[in-house]
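These notes are about the structure you will find just below.
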Amino acid sequence: MMRTHTCGELSKSDVGAQVTLTGWVHSRRDHGGVIFIDLRDHYGMTQVVIHPDHKEAFAFAERARSEWVLKIAGEVRLRIEGAAREDIHTGAIEVFTENLAVLSEAKTLPFEVTDDVNINEEIRLQYRFLDLRRPQMQEMLTRRDAFLTAIREYMHSQKFVEVQTPILTSSSPEGARDYLVPSRIHKGMFYALPQAPQQFKQLLMVSGLDRYFQIAPCFRDEDPRADRHPGEFYQLDLEMSFAEQEDVFSVVEPLMVQLTGQFSTKKIVAKPFQRLAWREAMNTYGSDKPDLRYELKITPISSMVESCGFQVFADTVAKKGVVHALCVPNGADFTRKDIDDLTAVAKIYGAQGLAYIIVKENELQSPIVKFLGDELSRSIVSHVGANAGDAIFFGAGEWETVCKSVGAVRAEIAKKQKLADPNTAAWAWIVDFPMYEWNEEYKKVDFSHNPFSMPQGGMDDLNTKDPLTILAYQYDLICNGFEISSGAIRNHRPDIMYRAFEIAGYTQEDVDAKFGGMIRAFQYGAPPHGGIAPGVDRLMMVLWECPSIRDIYAFPKNGRAQDLLMSAPAPVSEKQLRELGIKIIT
């Protein structure tokens with residue numbers, strides 16, 4: 001064997017043993033003719049001592065520099081009194097080296113391989129193989145492995161069967177842009193990388209498999225953001241036959257409780273997890289993935305101001321819009337600049353502005369109080385539960401715009417006031433999503449969530465209700481302001497599926513062309529089924545308090561969806577393009 005022990009293994013019980021270690025030079029110190037090297041591998045670090053009496057080993061040690069790869073052999077000894085380290089497992093011993101061999105040399109490093117390195121992310125990603133050597137990153141890889149192992153063990157304990165589904169498949173309208181792969185054999189035809197194994201997991205239910213799962217790679221051509229890795233990500237994809245919404249919840253919720261307890265120090269706010277209808281979440285928190293670690297609730301006040309003297313509010317209600325109020329404890333301390341900054345946040349989400357009232361001990365300070373009148377102003381203060389020292393912010397306009405803009409202000413205030421406890425995990429289910437939404441760009445009704453979901457009320461509601469009032473058996477799992485997962489009870493009946501797609505503007509021929517395999521399968525006896533797909537990368541990011549989702553990937557893309565290590569995306573040769581029948585037009 002090349003080594004007898006790892007660099008994180010030896011202790012006092014090994015004193016006197018002859019050992020062989022291999023690893024990287026983490027640091028090298030020359031103390032008056034005796035050289036000390038901290039030798040590091042995946043498992044830890046061991047101090048090795050090279051004395052000039054061992055001339056050949058000493059000569060190699062004099063040449064060795066950071067990140068050279070060495071093999072050393074020698075005797076384990078106790079460190080001298082006062083030199084022991086308490087922070088590492090091997091801190092009580094050192095290896096008195098008799099033989100040393102250089103296995104590989106290293107060029108001058110672009111940055112030091114330490115956890116406290118302060119270096120531009122672009123450089124880190126370009127030299128990711130060095131970045132991954134840092135103890136923090138080694139720990140991340142190990143924790144990620146343990147995390148996925150725990151998921152697999154739990155799923156198997158619940159009688160789920162792991163099945164791998166195709167990577168090369170067909171393009172389908174699932175909400176994001178597809179990554180397309182041209183076919184050399186079938187010129188002009190394209191595969192698509194799966195945005196999710198949606199159709200395949202439903203086909204497995206039709207095939208008679210009762211419970212399926214996989215840690216599935218998913219590919220979506222979406223714009224990068226802090227909680228979304230560009231290009232590809234992984235999800236715990238699962239599906240259950242003969243299942244209703246509560247059956248899915250009863251499987252997933254205990255897993256999330258287990259993962260939170262096993263892989264974080266966070267305390268869960270409520271068990272069982274809170275349930276919120278989508279409309280309730282939007283009205284109360286201004287988001288369908290609200291951070292529930294703090295209260296800060298929004299209060300609808302449209303009925304109070306429909307005939308008020310403040311024309312902005314009165315006109316909004318007259319045009320079937322809404323007015324919502326957000327009471328902020330201790331908000332009276334906000335400066336003019338703070339309010340301007342919050343107004344800018346609201347405008348990002350379509351608001352025209354952000355009215356406010358500052359509640360003082362004996363007065364209300366606001367440009368709108370003179371229009372509302374003192375009596376109505378004080379009624380609003382009482383209705384939203386404001387006290388002296390608080391502030392109230394208002395949003396007025398179309399319902400969804402007001403919800404989102406005031407919700408964004410709520411989140412910004414929580415960040416400013418540090419309201420979210422980092423030691424807690426506020427899990428919740430968001431249920432009763434609308435089946436459809438209005439697409440303003442194309443002036444048509446569109447699916448709002450997953451097109452394969454079963455509408456609540458089935459065919460009757462599809463035929464008799466306003467599409468924008470139809471709810472679906474769709475649900476999201478959220479934690480600390482992040483959407484961890486989306487799922488649904490599936491539409492397993494061809495007649496209901498054809499009608500659901502017809503409302504969104506698709507003909508039967510369109511559905512057959514896009515989803516022919518699944519429609520055909522449903523015509524041969526499909527069980528009711530449903531599932532969900534928690535994003536494992538985002539879940540780790542939330543539980544581990546990572547500032548970016550890129551921090552939990554071995555080889556992430558940067559913020560512009562580039563792989564700086566492998567130089568991807570990159571141009572290809574004319575020969576490759578000719579083989580595929582593709583011509584680049586710029």
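In the structure tokens, chains take letters A, B, ... by order of appearance, with residues numbered from 1 within each chain and ligands from 1 in the order shown.
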
With a distance cut-off of 9 Å and only C-alpha atoms, select the neighbouring residues of range 116-133 of chain A, excluding the residue or stretch itself and same-chain residues fewer than 2 positions from it, and output the selection as a list in words.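 Contacts, in chain order: Asp41, His42, Leu109, Pro110, Phe111, Glu112, Val113, Thr114, Pro135, Gln136, Met137, Gln138, Leu141, Ala554, Phe555, Pro556, Lys557, Asn558, Asp563, Leu564, Leu565, Met566 and Ser567 of chain A.
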
Kindly provide the residues of range 175-271 of chain A that approach range 488-505 of chain A to within 9 Å, each paired with its closest atom pair and their distance in Å to one decimal, based on only C-alpha atoms, listed by chain and increasing number, as JSON lines.
```
{"residue": "A:Gln202", "atom": "CA", "partner": "A:Arg490", "partner_atom": "CA", "distance": 8.1}
{"residue": "A:Ala243", "atom": "CA", "partner": "A:Ile489", "partner_atom": "CA", "distance": 7.8}
{"residue": "A:Glu244", "atom": "CA", "partner": "A:Ile489", "partner_atom": "CA", "distance": 6.6}
{"residue": "A:Gln245", "atom": "CA", "partner": "A:Ile489", "partner_atom": "CA", "distance": 6.4}
{"residue": "A:Val248", "atom": "CA", "partner": "A:Ile489", "partner_atom": "CA", "distance": 8.9}
```

Where in range 55-301 of chain A does DSSP assign helix (DSSP H, G or I), given as a VMD selection string? chain A and resid 55 to 63 121 to 126 128 to 131 135 to 157 198 to 206 245 to 263 278 to 285

Nearest-residue call for Phe213 in chain A, choices A:Arg225, A:Lys266, A:Arg65, A:Arg152, using only C-alpha atoms: A:Arg152

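Minimum distance to Ile50 in chain A across A:Gly32, A:Pro230, A:Gly309, A:Pro434 (counting only C-alpha atoms) occurs at A:Gly32.
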
Can you pull out the residues contacting Val359 in chain A? Cut-off 9 Å, using only C-alpha atoms, and skip same-chain residues under 6 positions away; I want them as a PDB file with N, CA, C and O atoms, in the first residue's frame.
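In the end it all went to part.pdb:
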```pdb
ATOM      1  N   GLY A 331     -40.678  51.053  13.261  1.00  0.00           N
ATOM      2  CA  GLY A 331     -40.416  51.656  11.952  1.00  0.00           C
ATOM      3  C   GLY A 331     -40.326  53.168  11.986  1.00  0.00           C
ATOM      4  O   GLY A 331     -39.887  53.789  11.010  1.00  0.00           O
ATOM      5  N   ALA A 332     -40.728  53.765  13.108  1.00  0.00           N
ATOM      6  CA  ALA A 332     -40.648  55.226  13.211  1.00  0.00           C
ATOM      7  C   ALA A 332     -39.204  55.717  13.179  1.00  0.00           C
ATOM      8  O   ALA A 332     -38.943  56.903  12.960  1.00  0.00           O
ATOM      9  N   GLN A 365     -47.477  61.219  11.525  1.00  0.00           N
ATOM     10  CA  GLN A 365     -46.704  61.984  10.553  1.00  0.00           C
ATOM     11  C   GLN A 365     -46.780  61.312   9.188  1.00  0.00           C
ATOM     12  O   GLN A 365     -46.358  60.169   9.028  1.00  0.00           O
ATOM     13  N   SER A 366     -47.349  62.049   8.218  1.00  0.00           N
ATOM     14  CA  SER A 366     -47.459  61.507   6.862  1.00  0.00           C
ATOM     15  C   SER A 366     -48.098  62.548   5.951  1.00  0.00           C
ATOM     16  O   SER A 366     -49.000  63.275   6.381  1.00  0.00           O
ATOM     17  N   VAL A 381     -54.681  52.890  11.935  1.00  0.00           N
ATOM     18  CA  VAL A 381     -53.615  52.578  12.902  1.00  0.00           C
ATOM     19  C   VAL A 381     -54.081  51.498  13.864  1.00  0.00           C
ATOM     20  O   VAL A 381     -53.370  50.525  14.151  1.00  0.00           O
ATOM     21  N   ALA A 386     -50.938  49.037  15.066  1.00  0.00           N
ATOM     22  CA  ALA A 386     -49.737  49.861  15.217  1.00  0.00           C
ATOM     23  C   ALA A 386     -49.750  50.590  16.562  1.00  0.00           C
ATOM     24  O   ALA A 386     -50.805  50.979  17.071  1.00  0.00           O
ATOM     25  N   ASN A 387     -48.571  50.782  17.096  1.00  0.00           N
ATOM     26  CA  ASN A 387     -48.387  51.519  18.346  1.00  0.00           C
ATOM     27  C   ASN A 387     -47.402  52.658  18.122  1.00  0.00           C
ATOM     28  O   ASN A 387     -46.747  52.746  17.066  1.00  0.00           O
ATOM     29  N   ALA A 388     -47.284  53.511  19.117  1.00  0.00           N
ATOM     30  CA  ALA A 388     -46.316  54.607  19.030  1.00  0.00           C
ATOM     31  C   ALA A 388     -44.922  54.038  18.781  1.00  0.00           C
ATOM     32  O   ALA A 388     -44.501  53.088  19.437  1.00  0.00           O
ATOM     33  N   GLY A 389     -44.231  54.630  17.803  1.00  0.00           N
ATOM     34  CA  GLY A 389     -42.903  54.138  17.430  1.00  0.00           C
ATOM     35  C   GLY A 389     -42.910  53.232  16.213  1.00  0.00           C
ATOM     36  O   GLY A 389     -41.852  52.860  15.708  1.00  0.00           O
ATOM     37  N   ASP A 390     -44.123  52.888  15.739  1.00  0.00           N
ATOM     38  CA  ASP A 390     -44.231  52.013  14.568  1.00  0.00           C
ATOM     39  C   ASP A 390     -44.404  52.835  13.294  1.00  0.00           C
ATOM     40  O   ASP A 390     -44.651  54.048  13.327  1.00  0.00           O
ATOM     41  N   ALA A 391     -44.288  52.160  12.166  1.00  0.00           N
ATOM     42  CA  ALA A 391     -44.573  52.774  10.864  1.00  0.00           C
ATOM     43  C   ALA A 391     -45.530  51.873  10.106  1.00  0.00           C
ATOM     44  O   ALA A 391     -45.541  50.649  10.303  1.00  0.00           O
ATOM     45  N   ILE A 392     -46.355  52.466   9.245  1.00  0.00           N
ATOM     46  CA  ILE A 392     -47.272  51.709   8.392  1.00  0.00           C
ATOM     47  C   ILE A 392     -46.976  52.086   6.950  1.00  0.00           C
ATOM     48  O   ILE A 392     -46.937  53.274   6.600  1.00  0.00           O
TER      49      ILE A 392
END
```

Write out as a VMD selection string all residues of range 287-351 of chain A that DSSP puts in strand (DSSP E) for this structure's backbone. chain A and resid 298 to 300 322 to 328

Identify, on the basis of only C-alpha atoms, every residue whose closest approach to Ser264 in chain A does not exceed 9 Å; exclude the query and any residue fewer than 6 positions from it along the same chain; express the result as a list in words.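 Answer for this query is Asn423, Leu543 and Trp544 of chain A.
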
Separation of CA of Cys479 in chain A from CA of Ala426 in chain A, in Å and rounded to one decimal: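 These two atoms are separated by 5.3 Å.
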